[in-house]
Structures are given as structure tokens and as C-alpha cells.
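The file entry.txt comes next; it holds compact mmCIF, C-alpha atoms.
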```txt
# COMPACT_ATOMS: atom_id res chain seq x y z
CA MET E 213 -74.76 21.66 -23.22
CA ARG E 214 -71.34 23.10 -22.40
CA VAL E 215 -71.02 23.67 -18.70
CA LEU E 216 -68.22 25.42 -16.86
CA VAL E 217 -67.89 24.40 -13.21
CA ILE E 218 -65.89 26.71 -10.93
CA HIS E 219 -64.85 25.18 -7.64
CA ALA E 220 -63.19 26.66 -4.54
CA HIS E 221 -62.22 24.63 -1.50
CA PRO E 222 -58.77 24.38 0.06
CA ASP E 223 -59.28 20.78 1.20
CA PRO E 224 -59.41 18.04 -1.46
CA GLU E 225 -60.85 15.66 1.16
CA SER E 226 -63.70 17.96 2.17
CA PHE E 227 -67.45 17.65 1.78
CA GLY E 228 -67.10 20.62 -0.58
CA ARG E 229 -65.08 18.38 -2.89
CA ALA E 230 -67.73 15.64 -2.63
CA LEU E 231 -70.26 18.23 -3.83
CA LEU E 232 -68.11 18.92 -6.88
CA THR E 233 -67.94 15.21 -7.65
CA ALA E 234 -71.71 14.85 -7.25
CA ALA E 235 -72.36 17.80 -9.55
CA LEU E 236 -70.03 16.35 -12.21
CA ASP E 237 -71.72 12.94 -11.90
CA GLY E 238 -75.10 14.47 -12.55
CA LEU E 239 -73.84 16.54 -15.48
CA SER E 240 -72.13 13.57 -17.15
CA ARG E 241 -75.20 11.35 -16.70
CA ALA E 242 -77.19 13.92 -18.63
CA GLY E 243 -74.52 13.96 -21.33
CA HIS E 244 -73.38 17.51 -20.69
CA ASP E 245 -69.89 18.54 -21.63
CA ALA E 246 -68.45 19.83 -18.34
CA THR E 247 -65.11 21.55 -17.72
CA VAL E 248 -63.85 22.14 -14.18
CA ILE E 249 -61.80 25.03 -12.89
CA ASP E 250 -60.51 23.97 -9.47
CA LEU E 251 -59.13 27.23 -8.11
CA TYR E 252 -57.14 25.95 -5.13
CA ALA E 253 -55.66 23.13 -7.21
CA LEU E 254 -54.55 25.71 -9.78
CA ASP E 255 -52.99 27.83 -7.02
CA TYR E 256 -55.09 30.63 -8.45
CA PRO E 257 -53.90 34.14 -7.47
CA GLY E 258 -55.74 36.20 -4.86
CA GLY E 259 -56.76 39.16 -6.99
CA PRO E 260 -55.90 41.29 -9.99
CA THR E 261 -52.42 42.86 -9.97
CA ARG E 262 -51.74 46.53 -10.52
CA ASP E 263 -51.03 45.92 -14.22
CA GLU E 264 -54.18 43.85 -14.64
CA TRP E 265 -56.21 46.56 -12.99
CA ARG E 266 -54.72 49.20 -15.28
CA ALA E 267 -55.49 47.03 -18.32
CA TYR E 268 -59.04 46.29 -17.16
CA GLU E 269 -60.90 48.83 -19.27
CA THR E 270 -58.56 48.72 -22.26
CA GLU E 271 -58.82 46.78 -25.52
CA SER E 272 -56.60 44.00 -24.12
CA PRO E 273 -57.55 43.49 -20.49
CA VAL E 274 -56.11 39.96 -20.18
CA LEU E 275 -52.40 39.65 -19.32
CA ASP E 276 -52.23 36.13 -17.84
CA PRO E 277 -52.50 33.09 -20.22
CA MET E 278 -54.54 31.20 -17.59
CA VAL E 279 -57.08 34.02 -17.52
CA ALA E 280 -57.17 34.01 -21.34
CA GLU E 281 -58.00 30.30 -21.24
CA HIS E 282 -60.76 30.88 -18.68
CA VAL E 283 -62.20 33.74 -20.72
CA GLU E 284 -62.52 31.36 -23.70
CA LEU E 285 -64.17 28.74 -21.48
CA VAL E 286 -66.74 31.29 -20.28
CA ARG E 287 -67.34 32.46 -23.85
CA SER E 288 -68.30 28.96 -24.96
CA ALA E 289 -70.27 28.01 -21.83
CA GLU E 290 -74.04 27.85 -21.72
CA ALA E 291 -74.12 27.25 -17.98
CA LEU E 292 -71.87 28.40 -15.14
CA VAL E 293 -71.90 26.29 -11.98
CA PHE E 294 -70.24 27.61 -8.81
CA VAL E 295 -69.38 25.15 -6.03
CA TYR E 296 -67.99 26.66 -2.82
CA PRO E 297 -68.38 26.97 0.95
CA THR E 298 -70.00 30.23 2.12
CA TRP E 299 -67.71 32.15 4.48
CA TRP E 300 -68.85 35.39 6.13
CA SER E 301 -72.05 35.21 4.07
CA ALA E 302 -70.14 35.30 0.79
CA MET E 303 -67.83 33.37 -1.53
CA PRO E 304 -64.21 32.60 -0.58
CA ALA E 305 -61.70 35.26 -1.65
CA ILE E 306 -60.15 32.96 -4.27
CA MET E 307 -63.49 32.68 -6.09
CA LYS E 308 -64.14 36.41 -5.85
CA SER E 309 -60.68 36.85 -7.38
CA TRP E 310 -61.68 34.59 -10.27
CA LEU E 311 -64.70 36.82 -11.02
CA GLU E 312 -62.56 39.96 -10.81
CA ARG E 313 -59.85 38.63 -13.14
CA THR E 314 -61.95 36.66 -15.63
CA MET E 315 -65.06 38.77 -16.04
CA VAL E 316 -63.35 41.61 -17.83
CA MET E 317 -64.54 44.25 -20.25
CA GLY E 318 -65.40 42.63 -23.56
CA LEU E 319 -66.50 39.40 -21.89
CA ALA E 320 -68.88 40.11 -19.02
CA PHE E 321 -69.90 43.51 -20.31
CA THR E 322 -69.08 46.22 -22.79
CA LEU E 323 -68.90 49.91 -22.10
CA ASP E 324 -71.14 52.20 -24.09
CA GLU E 325 -68.75 54.96 -25.17
CA ARG E 326 -71.50 57.55 -25.42
CA THR E 327 -73.35 57.05 -22.15
CA ARG E 328 -70.40 55.54 -20.19
CA LEU E 329 -72.82 52.88 -18.98
CA ILE E 330 -72.06 49.17 -19.10
CA ARG E 331 -73.96 46.70 -21.31
CA PRO E 332 -74.33 43.00 -20.50
CA GLY E 333 -71.94 40.61 -22.29
CA LEU E 334 -72.93 37.16 -21.02
CA GLY E 335 -76.11 36.79 -23.05
CA HIS E 336 -75.02 33.31 -24.16
CA VAL E 337 -75.11 31.99 -20.56
CA ARG E 338 -78.54 30.45 -20.10
CA HIS E 339 -78.11 29.07 -16.62
CA LEU E 340 -76.36 30.15 -13.43
CA VAL E 341 -76.05 27.58 -10.66
CA GLY E 342 -74.70 27.88 -7.12
CA ILE E 343 -74.01 24.92 -4.84
CA SER E 344 -72.92 26.06 -1.40
CA THR E 345 -72.57 24.97 2.21
CA TYR E 346 -73.23 27.26 5.16
CA GLY E 347 -72.16 26.96 8.79
CA SER E 348 -75.26 28.92 9.83
CA PRO E 349 -78.94 27.98 9.79
CA ARG E 350 -81.21 29.28 7.05
CA TRP E 351 -82.86 32.07 9.09
CA TYR E 352 -79.46 33.53 9.93
CA VAL E 353 -78.27 33.34 6.34
CA LYS E 354 -81.40 35.24 5.27
CA LEU E 355 -80.91 37.79 8.03
CA VAL E 356 -77.42 38.69 6.86
CA ASN E 357 -78.61 38.78 3.25
CA ASP E 358 -77.03 35.63 1.71
CA ASN E 359 -74.46 37.81 -0.02
CA GLY E 360 -72.62 35.14 -2.02
CA ARG E 361 -75.89 34.00 -3.54
CA ARG E 362 -76.70 37.59 -4.49
CA THR E 363 -73.32 38.03 -6.12
CA ILE E 364 -74.20 35.17 -8.48
CA THR E 365 -77.96 35.24 -8.90
CA ARG E 366 -78.20 39.01 -9.11
CA THR E 367 -74.86 40.71 -9.81
CA LEU E 368 -73.60 38.14 -12.31
CA ARG E 369 -77.08 37.59 -13.71
CA LEU E 370 -77.25 41.27 -14.69
CA SER E 371 -74.31 40.53 -17.01
CA THR E 372 -76.44 37.93 -18.81
CA GLY E 373 -78.91 40.70 -19.52
CA GLY E 374 -81.13 39.35 -16.76
CA THR E 375 -82.11 36.38 -18.91
CA ALA E 376 -80.24 33.44 -17.33
CA ARG E 377 -82.18 31.01 -15.20
CA THR E 378 -80.79 30.54 -11.74
CA THR E 379 -80.64 27.47 -9.51
CA TRP E 380 -79.45 27.69 -5.91
CA LEU E 381 -78.65 24.55 -3.95
CA PRO E 382 -77.81 25.43 -0.33
CA LEU E 383 -76.96 23.16 2.57
CA TYR E 384 -77.45 25.11 5.79
CA THR E 385 -76.07 24.26 9.27
CA LEU E 386 -73.39 22.04 7.76
CA ASP E 387 -71.85 21.02 11.10
CA GLY E 388 -75.24 19.95 12.43
CA GLN E 389 -75.95 17.60 9.50
CA SER E 390 -76.11 13.86 10.03
CA PRO E 391 -74.31 11.61 7.51
CA GLU E 392 -77.77 10.89 6.05
CA GLY E 393 -78.46 14.61 5.68
CA ARG E 394 -75.21 15.04 3.78
CA THR E 395 -75.88 12.06 1.54
CA ALA E 396 -79.37 13.34 0.79
CA PHE E 397 -77.93 16.68 -0.23
CA LEU E 398 -75.35 15.01 -2.51
CA ASP E 399 -78.25 13.15 -4.17
CA ARG E 400 -80.16 16.37 -4.59
CA VAL E 401 -77.14 18.01 -6.25
CA ARG E 402 -76.66 15.01 -8.57
CA ARG E 403 -80.34 14.96 -9.57
CA SER E 404 -80.54 18.69 -10.05
CA MET E 405 -77.46 18.73 -12.33
CA GLU E 406 -78.86 15.78 -14.28
CA LYS E 407 -81.98 17.83 -15.02
CA LEU E 408 -80.11 20.95 -16.05
CA SER E 409 -81.24 21.92 -19.52
CA MET T 9 -59.85 56.31 19.46
CA LYS T 10 -57.79 53.37 18.19
CA VAL T 11 -58.54 53.03 14.50
CA LEU T 12 -57.53 50.25 12.13
CA VAL T 13 -57.72 51.26 8.47
CA VAL T 14 -57.83 48.33 6.06
CA HIS T 15 -57.25 49.26 2.44
CA ALA T 16 -57.39 47.15 -0.72
CA HIS T 17 -56.54 48.60 -4.13
CA PRO T 18 -53.79 47.30 -6.44
CA ASP T 19 -52.74 50.69 -7.78
CA PRO T 20 -51.00 53.22 -5.49
CA GLU T 21 -51.74 55.91 -8.06
CA SER T 22 -55.48 55.24 -8.07
CA PHE T 23 -58.29 57.46 -6.88
CA ASN T 24 -59.05 54.86 -4.24
CA HIS T 25 -55.55 55.06 -2.83
CA GLU T 26 -55.89 58.83 -2.62
CA LEU T 27 -59.21 58.30 -0.87
CA MET T 28 -57.44 56.14 1.72
CA GLN T 29 -54.81 58.84 2.28
CA ARG T 30 -57.43 61.54 2.74
CA VAL T 31 -59.33 59.36 5.20
CA VAL T 32 -56.14 58.74 7.19
CA ARG T 33 -55.37 62.47 7.13
CA GLY T 34 -58.86 63.18 8.48
CA LEU T 35 -58.47 60.61 11.24
CA ARG T 36 -55.03 61.89 12.27
CA SER T 37 -56.26 65.48 12.33
CA ALA T 38 -58.66 64.39 15.07
CA ASP T 39 -55.79 62.82 17.03
CA HIS T 40 -56.95 59.24 16.62
CA ASP T 41 -54.39 56.50 17.04
CA VAL T 42 -54.33 55.15 13.47
CA ARG T 43 -52.85 51.97 12.04
CA VAL T 44 -53.05 51.28 8.31
CA ARG T 45 -53.15 47.88 6.63
CA ASP T 46 -52.55 48.34 2.93
CA LEU T 47 -53.17 44.75 1.83
CA TYR T 48 -51.89 45.03 -1.75
CA ALA T 49 -48.80 47.00 -0.70
CA GLU T 50 -47.74 44.26 1.69
CA ASN T 51 -48.64 41.48 -0.77
CA PHE T 52 -51.17 39.90 1.58
CA ASP T 53 -52.31 36.41 0.57
CA PRO T 54 -56.12 36.44 0.81
CA ARG T 55 -56.53 32.70 0.26
CA LEU T 56 -57.44 30.76 3.38
CA SER T 57 -54.96 27.88 3.39
CA LEU T 58 -55.62 24.17 3.73
CA ASP T 59 -53.98 24.23 7.14
CA GLU T 60 -56.10 27.18 8.30
CA LYS T 61 -59.25 25.47 7.07
CA ARG T 62 -58.46 22.18 8.82
CA ASN T 63 -57.61 24.03 12.06
CA HIS T 64 -60.30 26.63 11.87
CA ILE T 65 -61.48 26.02 15.43
CA ALA T 66 -57.96 25.68 16.86
CA PRO T 67 -56.66 28.47 19.12
CA PRO T 68 -55.04 31.48 17.42
CA ASP T 69 -51.53 30.62 18.66
CA THR T 70 -51.55 27.67 16.24
CA LYS T 71 -51.42 30.21 13.38
CA PRO T 72 -48.42 32.41 14.17
CA GLN T 73 -48.33 33.72 10.60
CA LEU T 74 -51.48 35.72 11.41
CA ALA T 75 -50.54 36.86 14.94
CA GLU T 76 -49.89 40.46 13.95
CA TYR T 77 -53.25 40.68 12.18
CA TYR T 78 -55.10 39.13 15.08
CA ASP T 79 -53.49 41.55 17.54
CA GLU T 80 -54.51 44.67 15.69
CA LEU T 81 -58.04 43.42 15.14
CA ARG T 82 -58.33 42.94 18.92
CA TRP T 83 -56.64 46.30 19.53
CA CYS T 84 -58.88 48.63 17.51
CA GLU T 85 -62.06 50.40 18.60
CA ALA T 86 -62.97 51.47 15.09
CA LEU T 87 -62.55 49.64 11.80
CA VAL T 88 -62.31 51.71 8.65
CA PHE T 89 -62.44 50.04 5.24
CA VAL T 90 -61.35 51.84 2.09
CA HIS T 91 -61.80 49.89 -1.15
CA PRO T 92 -63.46 49.87 -4.56
CA THR T 93 -66.64 47.81 -4.92
CA TRP T 94 -66.14 45.11 -7.56
CA TRP T 95 -68.89 42.69 -8.56
CA GLY T 96 -71.09 44.21 -5.88
CA ALA T 97 -68.68 43.48 -3.04
CA GLN T 98 -65.23 43.92 -1.48
CA PRO T 99 -62.19 43.04 -3.59
CA ALA T 100 -61.00 39.45 -3.07
CA MET T 101 -57.99 40.88 -1.27
CA LEU T 102 -60.21 42.34 1.46
CA LYS T 103 -62.61 39.38 1.55
CA GLY T 104 -59.59 37.18 2.19
CA TRP T 105 -58.45 39.38 5.06
CA ILE T 106 -61.87 38.71 6.60
CA ASP T 107 -61.77 34.96 5.79
CA ARG T 108 -58.35 34.55 7.43
CA VAL T 109 -58.16 37.14 10.23
CA TRP T 110 -61.68 36.99 11.71
CA ALA T 111 -60.76 33.67 13.23
CA CYS T 112 -61.72 31.49 16.16
CA GLY T 113 -60.33 32.86 19.42
CA VAL T 114 -60.03 36.30 17.85
CA ALA T 115 -63.44 37.36 16.57
CA TRP T 116 -65.55 34.47 17.91
CA GLU T 117 -65.46 31.33 19.99
CA LEU T 118 -67.17 27.99 19.80
CA PRO T 119 -67.67 26.98 23.46
CA GLU T 120 -67.57 23.26 24.26
CA GLY T 121 -70.88 21.67 23.25
CA ALA T 122 -72.31 24.88 21.76
CA LYS T 123 -74.07 24.81 18.43
CA ARG T 124 -73.62 28.47 17.58
CA LEU T 125 -70.51 30.53 17.65
CA LYS T 126 -70.17 33.24 20.25
CA PRO T 127 -69.11 36.73 19.10
CA THR T 128 -66.11 38.12 20.98
CA LEU T 129 -64.96 41.17 19.04
CA HIS T 130 -66.51 43.55 21.58
CA ASN T 131 -63.67 46.04 21.23
CA VAL T 132 -65.02 47.17 17.85
CA ARG T 133 -67.61 49.94 18.32
CA ARG T 134 -67.56 51.59 14.89
CA ILE T 135 -67.27 50.30 11.36
CA VAL T 136 -67.00 52.88 8.60
CA THR T 137 -66.59 52.02 4.92
CA PHE T 138 -65.44 54.39 2.20
CA THR T 139 -65.98 52.91 -1.22
CA THR T 140 -66.41 53.67 -4.90
CA HIS T 141 -68.80 51.98 -7.33
CA GLY T 142 -68.30 52.09 -11.10
CA SER T 143 -72.02 51.82 -11.66
CA PRO T 144 -74.98 53.92 -10.44
CA TRP T 145 -76.77 53.43 -7.14
CA ARG T 146 -79.73 51.69 -8.79
CA ILE T 147 -77.51 48.94 -10.21
CA ASN T 148 -76.14 48.27 -6.75
CA ALA T 149 -79.71 48.12 -5.44
CA LEU T 150 -80.61 45.54 -8.12
CA GLN T 151 -77.57 43.53 -7.09
CA GLY T 152 -78.95 43.37 -3.57
CA VAL T 153 -76.08 45.42 -2.03
CA PRO T 154 -73.99 42.38 -1.08
CA GLY T 155 -70.78 44.23 -0.19
CA ARG T 156 -72.48 46.57 2.25
CA ARG T 157 -74.30 43.74 3.97
CA ILE T 158 -71.25 41.51 4.32
CA VAL T 159 -69.80 44.23 6.55
CA ASN T 160 -72.80 45.93 8.09
CA ARG T 161 -74.56 42.68 8.93
CA SER T 162 -72.33 39.64 8.82
CA LEU T 163 -69.31 41.31 10.48
CA ARG T 164 -71.31 43.77 12.56
CA VAL T 165 -72.98 41.03 14.66
CA ILE T 166 -69.55 39.81 15.81
CA CYS T 167 -68.64 43.26 17.19
CA HIS T 168 -69.79 45.27 20.22
CA PRO T 169 -73.59 45.02 20.65
CA LEU T 170 -73.89 48.79 20.17
CA CYS T 171 -71.44 48.95 17.28
CA ARG T 172 -72.47 51.61 14.75
CA THR T 173 -71.88 51.30 11.02
CA ARG T 174 -71.62 53.85 8.23
CA TRP T 175 -71.31 53.45 4.48
CA ILE T 176 -69.85 56.37 2.53
CA ALA T 177 -69.98 55.64 -1.19
CA LEU T 178 -69.30 57.38 -4.46
CA TYR T 179 -71.51 55.83 -7.16
CA SER T 180 -71.14 56.09 -10.97
CA MET T 181 -67.35 56.46 -10.80
CA ASP T 182 -67.15 55.56 -14.50
CA SER T 183 -69.02 58.72 -15.47
CA SER T 184 -68.00 61.05 -12.65
CA THR T 185 -66.38 64.45 -13.15
CA PRO T 186 -63.12 65.54 -11.46
CA ASP T 187 -65.14 68.06 -9.50
CA ARG T 188 -67.50 65.41 -8.12
CA ARG T 189 -64.57 63.20 -7.15
CA GLU T 190 -62.84 66.04 -5.36
CA ARG T 191 -66.01 66.83 -3.44
CA PHE T 192 -66.22 63.17 -2.41
CA LEU T 193 -62.62 63.23 -1.16
CA ARG T 194 -63.37 66.32 0.93
CA ARG T 195 -66.48 64.69 2.33
CA ALA T 196 -64.58 61.51 3.21
CA GLU T 197 -61.88 63.49 5.02
CA ARG T 198 -64.53 65.45 6.93
CA VAL T 199 -66.39 62.29 7.96
CA ALA T 200 -63.10 60.69 9.08
CA SER T 201 -62.14 63.72 11.14
CA ARG T 202 -65.47 63.57 13.00
CA LEU T 203 -65.37 59.86 13.84
```

As C-alpha cells, please, write out the structure in this file.
Amino acid sequence: MRVLVIHAHPDPESFGRALLTAALDGLSRAGHDATVIDLYALDYPGGPTRDEWRAYETESPVLDPMVAEHVELVRSAEALVFVYPTWWSAMPAIMKSWLERTMVMGLAFTLDERTRLIRPGLGHVRHLVGISTYGSPRWYVKLVNDNGRRTITRTLRLSTGGTARTTWLPLYTLDGQSPEGRTAFLDRVRRSMEKLS
Amino acid sequence: MKVLVVHAHPDPESFNHELMQRVVRGLRSADHDVRVRDLYAENFDPRLSLDEKRNHIAPPDTKPQLAEYYDELRWCEALVFVHPTWWGAQPAMLKGWIDRVWACGVAWELPEGAKRLKPTLHNVRRIVTFTTHGSPWRINALQGVPGRRIVNRSLRVICHPLCRTRWIALYSMDSSTPDRRERFLRRAERVASRL
């Protein structure tokens, strides 16, 4: 299976990076063909520009060659895996920017000219996966609505026509985890990615 | 009242930019002390840096590049957000303002030995959002209203214990008529003038 892994963490020596490595380990053990987009390493921009916004609903919404490349990667992916730390209950800005710039008209959805309603465009994506760390405990994350998770497992899932399976791998209370707790979570991520089908 | 308006839209000729201007006009008509942060106009970098991440519990004076932003967040009594809703939530530009500016020693503290952070942004007593959604209300409901809850829950708990929130939204922008948009602008200005 072709898997596109999107990663956001400013620190290449972080636990967040170890999660990426664990996910890739699991995917390669299962023989999946994984491609990584490491947003901080790419110095990915922080949002669509004025010209990109103006082009968004046109026939050619992509102006940046890097975005064009990412659009092709999404088009051929059967699974999208997001690996990021949750900040303020949601994904880091750089990852939100990636969604805004990549998931354009013609890829993530199409606009029905007659009704002016959008139609899903990611029907080929069978699996959506999120791997995320949280500073807060689980009850608190639930209280504030786990917004990053909802952006992926609901908002993005609507673009698959509601058909994609979703897997969410959260590690709560990151700062309170023992080294064993962290290792156990890395194992869980590895195993879960190995079983992705 | 001291009001900080934070705006994120890349196009100064957009409906959303006009919305921001009408909101500011409404606020000024009621003699509020208004400051505007137009994040795109000033080319704000919304990406939390490696240095900011590694020093995220260091005191604010270790990040002089954000001093101005910290000061106005501590200064305001009301926060007003004006932005489009994209992928169910705030534009990356605005999310990044939150990621970087709502920092330790500004919005919260982590006292020695404490396990949970302590909210300190008690100066903020009102949060009002003016936003536009391309899709209908029911789509946003299916999405689980993430954008609204990032602000009205996750940020709200850091503010004054009695802080009140409001969400003023125009849904179905993609199929809206000029008349409906104009009515929304008038409503937004009215709401702002009565803050």
C-alpha cells in the first residue's frame, strides 16, 4: 500500500521525531511503500499567499511546485498518516498550512456548479491515521474537544466521502510519562503501522 | 474597553478583510481602545521555531522577538478574532499566533513542582469571533466544530474565570447572495459596537 506520512515537529531530536521513525519502521516491516513529508525540514511556508488564495477555486489552484508534488503524492496515496504534537488542542500551524495549501479544489473536493456544494475528492484514501502527543491528560483533552483529532478523523474524512477508516494513536500527559511509558507507546505505534491494511 | 483585534486573511480585497474593517468601525464607534493585528499584512511567521520549542517553559524575556505580541495580549480586556474558517478551524496563520504568543509567563505558568499549568491571562474577559464558513452549518456540525472549540474551550480556560465568549458566523459563503453578506456585515458591526 502507498502511504503518505506527514510530519510536523520543529525539533529533530524530539520524541515526536522518534514517533515518526517508529511509524516508518512499522510500515516498512509490513512492506508498505511510505513517503515522508517532513514539514519543518522542508521549511514549509506558514499558509497560503494572497495569490494562492485567489487561485484556490480556479482550474489551476496550485502555484508552488512543492505543492504540486504533494498533490501528486496525495493522489496516489491509499493511506495518510499524520504525526505531530497537539498544541492548544489542535495541530501545529505548519501542518494546518499544509492542509490549506495541498487540499485544493480538484484534489480534496470538487464544486458542484449547479448546487454550489462541495463533493468529496479523496475517495481513493482508505485509511486516515493520526499519531499525536498531548501535554494534557485524556479527560482534559476530551473536555476541550480534541480538535486536532476532529480535523483529521471528521473534517478530512468527509473529503474521503466518509469511507476511510480512521486510527488514532494518542499519548496523553507526555511530560508525566516514564521512559517505559514512552517506549511502550513507540512499540504500539510500530505494531499498529505494521498491521495497517 | 481595551480590545485586541487579531485578523488573518491573505487578501486585503476579500470579504473577510471588509468584515474586519466593519468590526473595527463598530468597536471604535463605541469608544473602545482598539489595536489591530493583521497577521498576513505584517507577514507574521506562524511556525513555532526550534528555539521557542526548546525554551517553551523559559521566561518571556528570553524571546524578545515576541515581546510586542506578549505585551498586547496582556494589555487587552477583550480579544476579537476575524478570520475565515478553513478545514473546520482557524487559518494556520492564526493558529500559529496562538502557538507562539500564548506562551509561558504570558498566558500561563508552570509553578515549580506543579504537574498542571496555571492559567494567568485573567485580563481577558471577552472573546468574540467573527468568521465565515464556505460550507453550511450542518457540515461544520459533522466536523465537530473544531475551530470554535479551540477558542471557546481551549483558550477560554486560560482567561478570566468569568470570561464570556461569542461566535458570530456566516455559513454557506460559497452560495451566499450579496444581500445576505451585506446583512452579515451590518450585524457584525452592530455586535462590535455593543461589546

Kindly provide, as a list in words, the residues of chain E having any atom no farther than 7 Å from an atom of chain T, counting only C-alpha atoms. Pro222, Asp223, Gly258, Gly259, Thr261, Arg262, Trp299, Trp300, Ser301, Ala305, Ile306, Lys308, Ser309, Arg328, Val356, Asn357, Asn359, Arg362, Thr363, Arg366 and Thr367 of chain E

Polymer residues at most 10 Å from Ile330 in chain E, all atoms listed in the file, same-chain spacing of 2 or more positions, as a list in words: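 The filter keeps Met317, Ala320, Phe321, Thr322, Leu323, Asp324, Glu325, Thr327, Arg328, Pro332, Gly333 and Ser371 of chain E; Gly142, Ser143 and Asp182 of chain T.
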
Given the choices T:Ala38, T:Leu129, T:Cys167, T:Val199, which gets closest to Cys112 in chain T if the distance is worked out from all atoms listed in the file?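 Ranked by minimum distance to Cys112 in chain T, first place goes to T:Leu129.
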
Record the distance separating CA of Ala86 in chain T and CA of Asp358 in chain E, expressed in Å with one decimal.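 Computing it gives 25.1 Å between the two atoms.
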
Mind checking which residues fall within 12 Å of Thr137 in chain T, counting all atoms listed in the file, ignoring those fewer than 2 positions away in the same chain, and posting them as number ranges by chain? T: 12-16, 27-28, 31, 86-93, 97-98, 134-135, 139-140, 155-160, 172-178, 196, 199-200, 203

Name the closest residue to His339 in chain E among the candidates E:Asp387, E:Val295, E:Met405, E:Met307; distances are taken between atoms, counting only C-alpha atoms. E:Met405

Return the single residue from T:His168, T:Pro186, T:Val11, T:His64 that is closest to Gly34 in chain T, with distances computed using all atoms listed in the file. T:Val11

Report, in Å to a single decimal, how far apart CA of Leu216 in chain E and CA of Lys407 in chain E are. 15.8 Å

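With only C-alpha atoms as the atoms that count, the minimum distance from Glu117 in chain T to the choices T:Glu80, T:Ile65, T:Thr185, T:Glu26 is reached by T:Ile65.
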
Considering only C-alpha atoms, return as number ranges by chain whatever protein or nucleic-acid residues lie within 10 Å of Ala230 in chain E, sequence-local ones (same chain, fewer than 4 positions apart) excluded. E: 224-226, 234-236, 394-395, 398

Calculate how many Å separate CA of Glu264 in chain E from CA of Thr365 in chain E, rounding to one decimal.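 Atom-to-atom, CA of Glu264 in chain E to CA of Thr365 in chain E, that is 25.9 Å.
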
Which is closer to Val114 in chain T than all the others in T:Arg191, T:Arg30, T:Lys71, T:Arg133, using only C-alpha atoms? T:Lys71

Counting all atoms listed in the file, find residues at most 6 Å from (-62.6, 45.3, 20.9) (file frame) and give them as a PyMOL selection string. chain T and resi 82+85+129-132

Take the point (-75.6, 32.7, -20.4) in the file's coordinates, draw a sphere of radius 10 Å around it, and report as a list in words every protein, DNA or RNA residue with an atom inside or on it, counting only C-alpha atoms.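 Result, sorted by chain then residue number: Val286, Arg287, Ser288, Ala289, Glu290, Ala291, Leu292, Gly333, Leu334, Gly335, His336, Val337, Arg338, His339, Leu340, Leu368, Arg369, Ser371, Thr372, Gly373, Gly374, Thr375, Ala376 and Arg377 of chain E.
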
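For Leu408 in chain E, the set of protein, DNA and RNA residues having any atom at most 9 Å away, when counting only C-alpha atoms and skipping those fewer than 4 positions along the same chain, is E:Met213, E:Gly238, E:Leu239, E:Ala242, E:His244, E:Ala291, E:His339, E:Arg403, E:Ser404.
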
Got a sec: who's within 9 Å of Gly347 in chain E, counting all atoms listed in the file, leaving out chain neighbours fewer than 5 positions off, as an MDAnalysis selection string? chainID E and resid 297:299 383:388
